[in-house]
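Colleague: Sharing my_file_37.cif below, mmCIF, C-alpha atoms and all ligand atoms:
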data_entry
#
loop_
_atom_site.label_atom_id
_atom_site.label_comp_id
_atom_site.auth_asym_id
_atom_site.auth_seq_id
_atom_site.Cartn_x
_atom_site.Cartn_y
_atom_site.Cartn_z
CA MET A 286 0.00 0.00 0.00
CA THR A 287 1.34 3.51 -0.73
CA ARG A 288 0.50 6.50 1.35
CA ASN A 289 2.14 9.87 0.78
CA GLY A 290 3.95 8.17 -2.01
CA ALA A 291 5.93 5.87 0.33
CA ASP A 292 5.73 2.07 0.29
CA GLU A 293 5.10 1.22 3.98
CA GLY A 294 4.78 -2.59 3.72
CA PRO A 295 2.34 -4.57 5.88
CA PRO A 296 1.04 -2.90 9.07
CA GLU A 297 3.13 -3.60 12.16
CA MET A 298 1.58 -6.33 14.40
CA ILE A 299 1.44 -5.44 18.05
CA THR A 300 -0.18 -7.20 21.00
CA LEU A 301 -3.17 -5.38 22.46
CA ALA A 302 -4.53 -5.93 25.92
CA TYR A 303 -8.31 -6.03 26.04
CA ALA A 304 -11.32 -6.79 28.21
CA ASP A 305 -14.34 -8.71 26.95
CA SER A 306 -17.53 -8.67 29.00
CA THR A 307 -18.55 -12.14 27.77
CA PRO A 308 -17.48 -14.53 30.53
CA ASP A 309 -15.36 -17.50 29.42
CA LEU A 310 -17.42 -19.94 31.42
CA VAL A 311 -20.41 -21.37 29.56
CA LEU A 312 -23.48 -22.48 31.50
CA LEU A 313 -26.05 -24.62 29.70
CA LEU A 314 -29.37 -24.73 31.57
CA ILE A 315 -31.94 -27.34 30.51
CA HIS A 316 -35.59 -26.94 31.45
CA GLY A 317 -37.99 -29.41 33.04
CA PHE A 318 -41.19 -31.04 31.77
CA PRO A 319 -43.44 -29.70 30.29
CA LEU A 320 -41.80 -26.30 30.48
CA SER A 321 -39.40 -24.18 28.44
CA SER A 322 -36.27 -22.06 28.64
CA ARG A 323 -38.45 -19.28 30.08
CA MET A 324 -38.18 -20.96 33.45
CA TRP A 325 -34.57 -19.74 33.62
CA GLU A 326 -35.41 -16.04 33.27
CA PRO A 327 -34.34 -15.17 36.85
CA GLN A 328 -30.96 -16.82 36.23
CA LEU A 329 -30.48 -15.10 32.84
CA ALA A 330 -31.33 -11.77 34.44
CA GLU A 331 -28.88 -12.06 37.35
CA LEU A 332 -26.00 -14.35 36.50
CA GLY A 333 -24.85 -13.25 33.04
CA GLU A 334 -21.79 -11.64 34.57
CA HIS A 335 -20.54 -15.01 35.85
CA ALA A 336 -21.17 -17.17 32.80
CA ARG A 337 -22.39 -17.09 29.26
CA ILE A 338 -25.79 -18.69 29.83
CA ILE A 339 -27.38 -20.76 27.08
CA VAL A 340 -30.95 -21.93 27.63
CA PRO A 341 -32.39 -24.14 24.89
CA ASP A 342 -36.03 -25.05 24.39
CA LEU A 343 -35.92 -28.83 23.97
CA ARG A 344 -37.58 -30.22 20.83
CA GLY A 345 -41.32 -29.73 20.97
CA PHE A 346 -41.17 -27.23 23.87
CA GLY A 347 -41.24 -23.44 23.97
CA ASP A 348 -40.37 -22.07 20.54
CA SER A 349 -38.53 -25.16 19.31
CA GLU A 350 -39.87 -27.25 16.49
CA PRO A 351 -42.18 -30.10 17.46
CA VAL A 352 -40.96 -33.48 16.23
CA ASP A 353 -43.35 -36.42 15.95
CA GLY A 354 -42.72 -39.76 17.64
CA GLU A 355 -41.03 -40.98 20.81
CA TYR A 356 -37.86 -39.16 21.86
CA THR A 357 -34.84 -40.58 23.66
CA MET A 358 -32.61 -38.91 26.25
CA ALA A 359 -29.74 -39.38 23.80
CA GLU A 360 -31.60 -37.36 21.16
CA LEU A 361 -32.36 -34.57 23.61
CA ALA A 362 -28.70 -34.54 24.68
CA ASP A 363 -27.55 -34.55 21.04
CA ASP A 364 -29.81 -31.58 20.31
CA CYS A 365 -28.09 -29.64 23.09
CA MET A 366 -24.61 -30.56 21.84
CA ALA A 367 -25.57 -29.57 18.30
CA LEU A 368 -26.74 -26.20 19.58
CA LEU A 369 -23.45 -25.64 21.45
CA GLU A 370 -21.52 -26.59 18.34
CA ALA A 371 -23.57 -24.20 16.20
CA LEU A 372 -22.80 -21.46 18.72
CA GLY A 373 -19.08 -22.19 18.51
CA VAL A 374 -18.84 -23.46 22.10
CA ASP A 375 -16.12 -26.09 22.11
CA GLY A 376 -14.55 -25.73 25.56
CA PRO A 377 -15.58 -26.89 29.02
CA ILE A 378 -19.16 -26.25 30.08
CA VAL A 379 -21.17 -26.22 33.24
CA VAL A 380 -24.37 -28.13 32.58
CA GLY A 381 -27.43 -27.64 34.73
CA GLY A 382 -30.81 -29.25 34.47
CA MET A 383 -34.06 -29.01 36.36
CA SER A 384 -35.98 -32.28 36.77
CA MET A 385 -36.27 -33.70 33.21
CA GLY A 386 -33.49 -31.25 32.31
CA GLY A 387 -31.40 -33.02 34.96
CA TYR A 388 -32.02 -36.33 33.18
CA VAL A 389 -30.75 -34.71 29.96
CA ALA A 390 -27.74 -33.27 31.81
CA LEU A 391 -26.86 -36.74 33.14
CA GLU A 392 -27.15 -38.18 29.63
CA LEU A 393 -24.79 -35.46 28.38
CA LEU A 394 -22.41 -36.39 31.16
CA ARG A 395 -22.59 -40.06 30.17
CA GLN A 396 -21.66 -39.17 26.59
CA HIS A 397 -19.29 -36.22 27.00
CA PRO A 398 -17.67 -36.38 30.46
CA ASP A 399 -14.58 -34.57 29.17
CA ARG A 400 -16.63 -31.49 28.27
CA PHE A 401 -17.89 -30.94 31.82
CA ALA A 402 -16.47 -28.26 34.11
CA GLY A 403 -19.35 -28.54 36.55
CA LEU A 404 -22.81 -30.03 37.01
CA LEU A 405 -25.95 -28.56 38.53
CA LEU A 406 -28.76 -30.95 39.43
CA ALA A 407 -31.90 -29.03 40.38
CA SER A 408 -35.09 -30.77 41.58
CA THR A 409 -34.09 -33.99 39.89
CA LYS A 410 -32.99 -37.54 40.60
CA ALA A 411 -30.54 -40.12 39.27
CA GLY A 412 -32.65 -43.27 39.23
CA ALA A 413 -34.62 -44.70 36.31
CA ASP A 414 -38.42 -45.08 36.22
CA SER A 415 -39.97 -48.00 38.10
CA ALA A 416 -42.23 -50.36 36.14
CA GLU A 417 -45.21 -48.53 37.61
CA ALA A 418 -43.86 -45.12 36.60
CA ARG A 419 -43.17 -46.38 33.08
CA ALA A 420 -46.75 -47.59 32.77
CA GLY A 421 -47.91 -44.20 34.07
CA ARG A 422 -45.90 -42.42 31.32
CA ASP A 423 -47.61 -44.58 28.68
CA ALA A 424 -51.05 -43.95 30.13
CA THR A 425 -50.40 -40.18 30.18
CA ALA A 426 -49.06 -40.21 26.62
CA ALA A 427 -52.18 -42.06 25.43
CA ARG A 428 -54.42 -39.50 27.12
CA VAL A 429 -52.42 -36.58 25.71
CA ALA A 430 -52.69 -38.12 22.22
CA GLN A 431 -56.44 -38.17 22.64
CA ASP A 432 -57.21 -35.03 24.63
CA GLY A 433 -54.18 -32.77 24.17
CA ILE A 434 -51.84 -31.16 26.69
CA ASP A 435 -54.69 -30.09 29.00
CA VAL A 436 -54.15 -33.53 30.49
CA VAL A 437 -50.66 -32.68 31.77
CA VAL A 438 -51.62 -29.15 32.78
CA ALA A 439 -54.49 -30.54 34.87
CA GLY A 440 -52.31 -33.30 36.31
CA MET A 441 -49.21 -31.25 37.12
CA LEU A 442 -49.90 -27.54 37.60
CA GLY A 443 -51.29 -28.02 41.10
CA LYS A 444 -48.25 -29.88 42.39
CA LEU A 445 -45.33 -28.11 40.73
CA MET A 446 -44.95 -25.50 43.47
CA ALA A 447 -45.19 -25.32 47.25
CA ASN A 448 -48.76 -24.97 48.55
CA ALA A 449 -48.27 -21.37 49.68
CA VAL A 450 -47.40 -20.22 46.14
CA TYR A 451 -50.94 -21.00 44.93
CA ASP A 452 -52.38 -18.57 47.53
CA GLU A 453 -49.66 -15.97 47.62
CA ASP A 454 -48.31 -15.70 44.08
CA PRO A 455 -51.07 -16.33 41.51
CA GLU A 456 -48.99 -14.49 38.89
CA LEU A 457 -46.26 -17.10 39.14
CA VAL A 458 -48.85 -19.87 38.82
CA ASP A 459 -50.22 -18.18 35.67
CA GLU A 460 -46.72 -17.82 34.27
CA VAL A 461 -46.00 -21.51 34.78
CA GLU A 462 -49.35 -22.47 33.26
CA GLU A 463 -48.64 -20.32 30.21
CA MET A 464 -45.26 -21.99 29.81
CA MET A 465 -46.86 -25.43 30.03
CA ARG A 466 -49.48 -24.52 27.44
CA GLN A 467 -46.78 -23.48 25.00
CA SER A 468 -45.59 -27.09 24.86
CA SER A 469 -46.66 -29.02 21.79
CA GLN A 470 -48.59 -32.28 21.99
CA GLU A 471 -45.73 -33.93 20.05
CA GLY A 472 -43.14 -32.62 22.49
CA VAL A 473 -45.07 -33.83 25.54
CA ILE A 474 -45.62 -37.31 24.09
CA GLY A 475 -42.04 -37.56 22.81
CA ALA A 476 -40.52 -36.46 26.12
CA LEU A 477 -42.71 -38.83 28.16
CA ALA A 478 -41.10 -41.69 26.22
CA ALA A 479 -37.60 -40.28 26.78
CA MET A 480 -38.22 -40.08 30.53
CA ARG A 481 -39.79 -43.57 30.58
CA ASP A 482 -36.76 -45.16 28.92
CA ARG A 483 -33.97 -43.16 30.55
CA ALA A 484 -31.05 -45.07 32.00
CA ASP A 485 -30.29 -45.27 35.69
CA SER A 486 -27.51 -42.75 36.36
CA THR A 487 -26.78 -43.70 39.96
CA GLU A 488 -23.44 -45.30 39.16
CA LEU A 489 -22.50 -42.43 36.88
CA LEU A 490 -22.71 -40.07 39.86
CA GLU A 491 -19.90 -41.90 41.65
CA GLN A 492 -17.58 -41.30 38.71
CA ILE A 493 -18.12 -37.55 38.40
CA LYS A 494 -14.81 -35.71 38.68
CA VAL A 495 -16.06 -32.12 38.53
CA PRO A 496 -17.72 -29.91 41.12
CA THR A 497 -21.44 -30.59 41.43
CA LEU A 498 -24.25 -28.62 43.00
CA VAL A 499 -27.52 -30.26 44.03
CA VAL A 500 -30.48 -27.95 44.73
CA HIS A 501 -33.89 -29.17 45.88
CA GLY A 502 -37.01 -27.88 47.61
CA THR A 503 -38.13 -29.44 50.88
CA GLU A 504 -41.76 -29.33 49.65
CA ASP A 505 -41.16 -30.89 46.26
CA ARG A 506 -44.20 -33.09 45.52
CA VAL A 507 -42.92 -34.34 42.16
CA ILE A 508 -39.50 -35.62 43.27
CA PRO A 509 -39.05 -35.93 47.07
CA HIS A 510 -36.01 -34.19 48.51
CA ALA A 511 -34.68 -37.52 49.81
CA GLU A 512 -33.61 -38.14 46.19
CA ALA A 513 -31.37 -35.06 46.29
CA GLU A 514 -29.87 -36.12 49.60
CA ALA A 515 -29.14 -39.57 48.20
CA MET A 516 -27.44 -38.07 45.13
CA ALA A 517 -25.32 -35.71 47.20
CA GLU A 518 -24.10 -38.64 49.30
CA LEU A 519 -22.89 -40.47 46.20
CA LEU A 520 -21.23 -37.46 44.61
CA PRO A 521 -17.56 -37.10 45.47
CA GLU A 522 -17.53 -33.29 45.27
CA ALA A 523 -21.06 -32.07 45.78
CA GLY A 524 -22.70 -29.17 47.54
CA LEU A 525 -26.29 -29.72 48.62
CA VAL A 526 -28.68 -26.79 49.02
CA LEU A 527 -32.13 -27.63 50.38
CA LEU A 528 -34.56 -24.75 49.98
CA GLU A 529 -37.06 -24.68 52.84
CA GLY A 530 -40.73 -24.38 51.99
CA THR A 531 -39.99 -24.69 48.26
CA GLY A 532 -41.65 -26.98 45.75
CA HIS A 533 -40.42 -28.49 42.50
CA MET A 534 -39.82 -25.18 40.64
CA THR A 535 -36.73 -24.19 42.64
CA PRO A 536 -35.22 -21.67 40.14
CA LEU A 537 -38.52 -19.78 39.81
CA GLU A 538 -39.94 -20.17 43.32
CA GLN A 539 -36.79 -19.04 45.14
CA PRO A 540 -34.81 -17.11 42.53
CA GLU A 541 -32.68 -15.21 45.05
CA ALA A 542 -31.59 -18.23 47.05
CA PHE A 543 -31.17 -20.32 43.92
CA ASN A 544 -29.09 -17.63 42.22
CA ALA A 545 -26.93 -17.10 45.29
CA ALA A 546 -26.08 -20.81 45.38
CA LEU A 547 -25.48 -20.96 41.64
CA LYS A 548 -23.33 -17.81 41.66
CA ASP A 549 -21.07 -19.24 44.39
CA PHE A 550 -20.88 -22.46 42.43
CA LEU A 551 -19.89 -20.70 39.18
CA VAL A 552 -17.20 -18.74 41.00
CA HIS A 553 -15.90 -22.00 42.48
CA VAL A 554 -15.92 -23.73 39.06
CA ALA A 555 -14.12 -20.78 37.44
CA ALA A 556 -11.43 -20.88 40.15
CA THR A 557 -11.05 -24.65 39.71
CA LEU A 558 -10.58 -24.21 35.96
CA GLU A 559 -7.97 -21.51 36.52
CA GLU A 560 -6.00 -23.80 38.83
CA GLU A 561 -5.84 -26.53 36.17
C1 LIG B 601 -40.21 -32.73 35.35
O1 LIG B 601 -40.61 -31.97 36.22
O2 LIG B 601 -39.36 -32.42 34.51
C2 LIG B 601 -40.83 -34.10 35.28
O3 LIG B 601 -42.05 -34.10 35.91
C3 LIG B 601 -39.94 -35.13 35.88
C4 LIG B 601 -40.52 -36.50 35.81
O4 LIG B 601 -41.71 -36.65 35.48
O5 LIG B 601 -39.80 -37.47 36.10
#
Give the structure from the file, written as structure tokens.
Ligand code: MLT
Modeller:
Amino acid sequence: MTRNGADEGPPEMITLAYADSTPDLVLLLIHGFPLSSRMWEPQLAELGEHARIIVPDLRGFGDSEPVDGEYTMAELADDCMALLEALGVDGPIVVGGMSMGGYVALELLRQHPDRFAGLLLASTKAGADSAEARAGRDATAARVAQDGIDVVVAGMLGKLMANAVYDEDPELVDEVEEMMRQSSQEGVIGALAAMRDRADSTELLEQIKVPTLVVHGTEDRVIPHAEAEAMAELLPEAGLVLLEGTGHMTPLEQPEAFNAALKDFLVHVAATLEEE
């Protein structure tokens, strides 16, 4: 290039220092059944400074495309990995899941243990479905196929949160109902099959080598908190946070306490990564 008539050659390369407000740590948060990524709004609003937070809608839920047929946990996990890949995320990730999202997180761990920097298990459990629970999934799927997702709204809305929430916070109840109603019939039927056939992850827990946080409500009527206590006992490096008077929807029912625990956890994971 010539400027002022002089041939200056290529521009000199120098090293610039810079700051980038996008945190290095990536946090993938996977929603429960039959919900959507909207359930993580309190975490997106407060914790973006500590991690780049990615919240997918699983197939058939929220704004994601409904896919016909029975799903598997492996497919739901693959969808999440494909999303991360499309977003250019190829380093270590903290994966968190609430209830069914926890089942997907454990499947991701089974398949990609080397990608994990940390694991958050919220309102979930490690065991597989009993024969009775499996039959219940089939019965629900058959009813949803016939009568639509009203079946799951009627069956679940009243037990997702602690009793007090239904009297004291009707707006939250409406919000959760709206989220449930956004789920497609295909998504609900497909995910019921994925939950029915999921593997038992109890032994997987004992092999986890990264920091893990278990959060559960003491008034969870979908998955009793004893499940969280049992998981924490098996996990070599786990923190257990039991939220008093809280139901199944821990991230939405107690956003401040949930976020405080998750923030401390992210700081701990980031420090662990730096040490490595
Ligand atoms: C959920 O809340 O994601 C599901 O109800 C969990 C389950 O049915 O096992």
Colleague: Residues at most 12 Å from range 544-554 of chain A, counting all atoms listed in the file, excluding those fewer than 5 positions away in the same chain, as a PyMOL selection string?
Modeller: chain A and resi 308-314+325-338+377-381+401-407+495-501+522-528+535-539+559-561
Colleague: Store the residues of this selection in a file with C-alpha atoms, as a PDB file, in the coordinates of the input.
Modeller:
ATOM      1  CA  PRO A 308     -17.480 -14.530  30.530  1.00  0.00           C
ATOM      2  CA  ASP A 309     -15.360 -17.500  29.420  1.00  0.00           C
ATOM      3  CA  LEU A 310     -17.420 -19.940  31.420  1.00  0.00           C
ATOM      4  CA  VAL A 311     -20.410 -21.370  29.560  1.00  0.00           C
ATOM      5  CA  LEU A 312     -23.480 -22.480  31.500  1.00  0.00           C
ATOM      6  CA  LEU A 313     -26.050 -24.620  29.700  1.00  0.00           C
ATOM      7  CA  LEU A 314     -29.370 -24.730  31.570  1.00  0.00           C
ATOM      8  CA  TRP A 325     -34.570 -19.740  33.620  1.00  0.00           C
ATOM      9  CA  GLU A 326     -35.410 -16.040  33.270  1.00  0.00           C
ATOM     10  CA  PRO A 327     -34.340 -15.170  36.850  1.00  0.00           C
ATOM     11  CA  GLN A 328     -30.960 -16.820  36.230  1.00  0.00           C
ATOM     12  CA  LEU A 329     -30.480 -15.100  32.840  1.00  0.00           C
ATOM     13  CA  ALA A 330     -31.330 -11.770  34.440  1.00  0.00           C
ATOM     14  CA  GLU A 331     -28.880 -12.060  37.350  1.00  0.00           C
ATOM     15  CA  LEU A 332     -26.000 -14.350  36.500  1.00  0.00           C
ATOM     16  CA  GLY A 333     -24.850 -13.250  33.040  1.00  0.00           C
ATOM     17  CA  GLU A 334     -21.790 -11.640  34.570  1.00  0.00           C
ATOM     18  CA  HIS A 335     -20.540 -15.010  35.850  1.00  0.00           C
ATOM     19  CA  ALA A 336     -21.170 -17.170  32.800  1.00  0.00           C
ATOM     20  CA  ARG A 337     -22.390 -17.090  29.260  1.00  0.00           C
ATOM     21  CA  ILE A 338     -25.790 -18.690  29.830  1.00  0.00           C
ATOM     22  CA  PRO A 377     -15.580 -26.890  29.020  1.00  0.00           C
ATOM     23  CA  ILE A 378     -19.160 -26.250  30.080  1.00  0.00           C
ATOM     24  CA  VAL A 379     -21.170 -26.220  33.240  1.00  0.00           C
ATOM     25  CA  VAL A 380     -24.370 -28.130  32.580  1.00  0.00           C
ATOM     26  CA  GLY A 381     -27.430 -27.640  34.730  1.00  0.00           C
ATOM     27  CA  PHE A 401     -17.890 -30.940  31.820  1.00  0.00           C
ATOM     28  CA  ALA A 402     -16.470 -28.260  34.110  1.00  0.00           C
ATOM     29  CA  GLY A 403     -19.350 -28.540  36.550  1.00  0.00           C
ATOM     30  CA  LEU A 404     -22.810 -30.030  37.010  1.00  0.00           C
ATOM     31  CA  LEU A 405     -25.950 -28.560  38.530  1.00  0.00           C
ATOM     32  CA  LEU A 406     -28.760 -30.950  39.430  1.00  0.00           C
ATOM     33  CA  ALA A 407     -31.900 -29.030  40.380  1.00  0.00           C
ATOM     34  CA  VAL A 495     -16.060 -32.120  38.530  1.00  0.00           C
ATOM     35  CA  PRO A 496     -17.720 -29.910  41.120  1.00  0.00           C
ATOM     36  CA  THR A 497     -21.440 -30.590  41.430  1.00  0.00           C
ATOM     37  CA  LEU A 498     -24.250 -28.620  43.000  1.00  0.00           C
ATOM     38  CA  VAL A 499     -27.520 -30.260  44.030  1.00  0.00           C
ATOM     39  CA  VAL A 500     -30.480 -27.950  44.730  1.00  0.00           C
ATOM     40  CA  HIS A 501     -33.890 -29.170  45.880  1.00  0.00           C
ATOM     41  CA  GLU A 522     -17.530 -33.290  45.270  1.00  0.00           C
ATOM     42  CA  ALA A 523     -21.060 -32.070  45.780  1.00  0.00           C
ATOM     43  CA  GLY A 524     -22.700 -29.170  47.540  1.00  0.00           C
ATOM     44  CA  LEU A 525     -26.290 -29.720  48.620  1.00  0.00           C
ATOM     45  CA  VAL A 526     -28.680 -26.790  49.020  1.00  0.00           C
ATOM     46  CA  LEU A 527     -32.130 -27.630  50.380  1.00  0.00           C
ATOM     47  CA  LEU A 528     -34.560 -24.750  49.980  1.00  0.00           C
ATOM     48  CA  THR A 535     -36.730 -24.190  42.640  1.00  0.00           C
ATOM     49  CA  PRO A 536     -35.220 -21.670  40.140  1.00  0.00           C
ATOM     50  CA  LEU A 537     -38.520 -19.780  39.810  1.00  0.00           C
ATOM     51  CA  GLU A 538     -39.940 -20.170  43.320  1.00  0.00           C
ATOM     52  CA  GLN A 539     -36.790 -19.040  45.140  1.00  0.00           C
ATOM     53  CA  GLU A 559      -7.970 -21.510  36.520  1.00  0.00           C
ATOM     54  CA  GLU A 560      -6.000 -23.800  38.830  1.00  0.00           C
ATOM     55  CA  GLU A 561      -5.840 -26.530  36.170  1.00  0.00           C
TER      56      GLU A 561
END
Colleague: Could the residues that lie within 9 Å of ligand LIG 601 (chain B), counting all atoms listed in the file, be listed as a ChimeraX atom specification?
Modeller: /A:316-320,383-388,408-410,413-414,418,422,441,445,477,480-481,507-508,533-534
Colleague: Can you work out the spacing between CA of Ser468 in chain A and CA of Asp342 in chain A in Å, to one decimal?
Modeller: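 Separating CA of Ser468 in chain A from CA of Asp342 in chain A is a distance of 9.8 Å.
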Colleague: Report, in Å with one decimal, the straight-line distance from CA of Ser322 in chain A to CA of Gly347 in chain A.
Modeller: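 According to the coordinates, CA of Ser322 in chain A and CA of Gly347 in chain A are separated by 7.0 Å.
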Colleague: For Gly412 in chain A, find every residue with an atom within 8 Å (counting all atoms listed in the file), except residues of its own chain fewer than 3 positions away, and show them as a ChimeraX atom specification.
Modeller: /A:484-487
Colleague: When you draw a straight line from CA of Lys444 in chain A to CA of Ala427 in chain A, how long is it in Å?
Modeller: 21.2 Å
Colleague: Would you please work out which residue, of A:Val437, A:Val473, A:Ala542, A:Met465, is nearest to Glu529 in chain A when using all atoms listed in the file?
Modeller: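 Using all atoms listed in the file, the shortest distance to Glu529 in chain A belongs to A:Ala542.
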Colleague: Using all atoms listed in the file, which of A:Gly475, A:Gly376, A:Pro521, A:Gly530 sits nearest Gly354 in chain A?
Modeller: A:Gly475
Colleague: Nearest to Ala517 in chain A: which of A:Ile493, A:Glu360, A:Ala371, A:Arg395 is it, counting all atoms listed in the file?
Modeller: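 Of A:Ile493, A:Glu360, A:Ala371, A:Arg395, the one nearest Ala517 in chain A, counting all atoms listed in the file, is A:Ile493.
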Colleague: Taking into account only C-alpha atoms, which residue in the set A:Leu301, A:Ile474, A:Leu442, A:Ala424 is nearest to Glu462 in chain A?
Modeller: A:Leu442
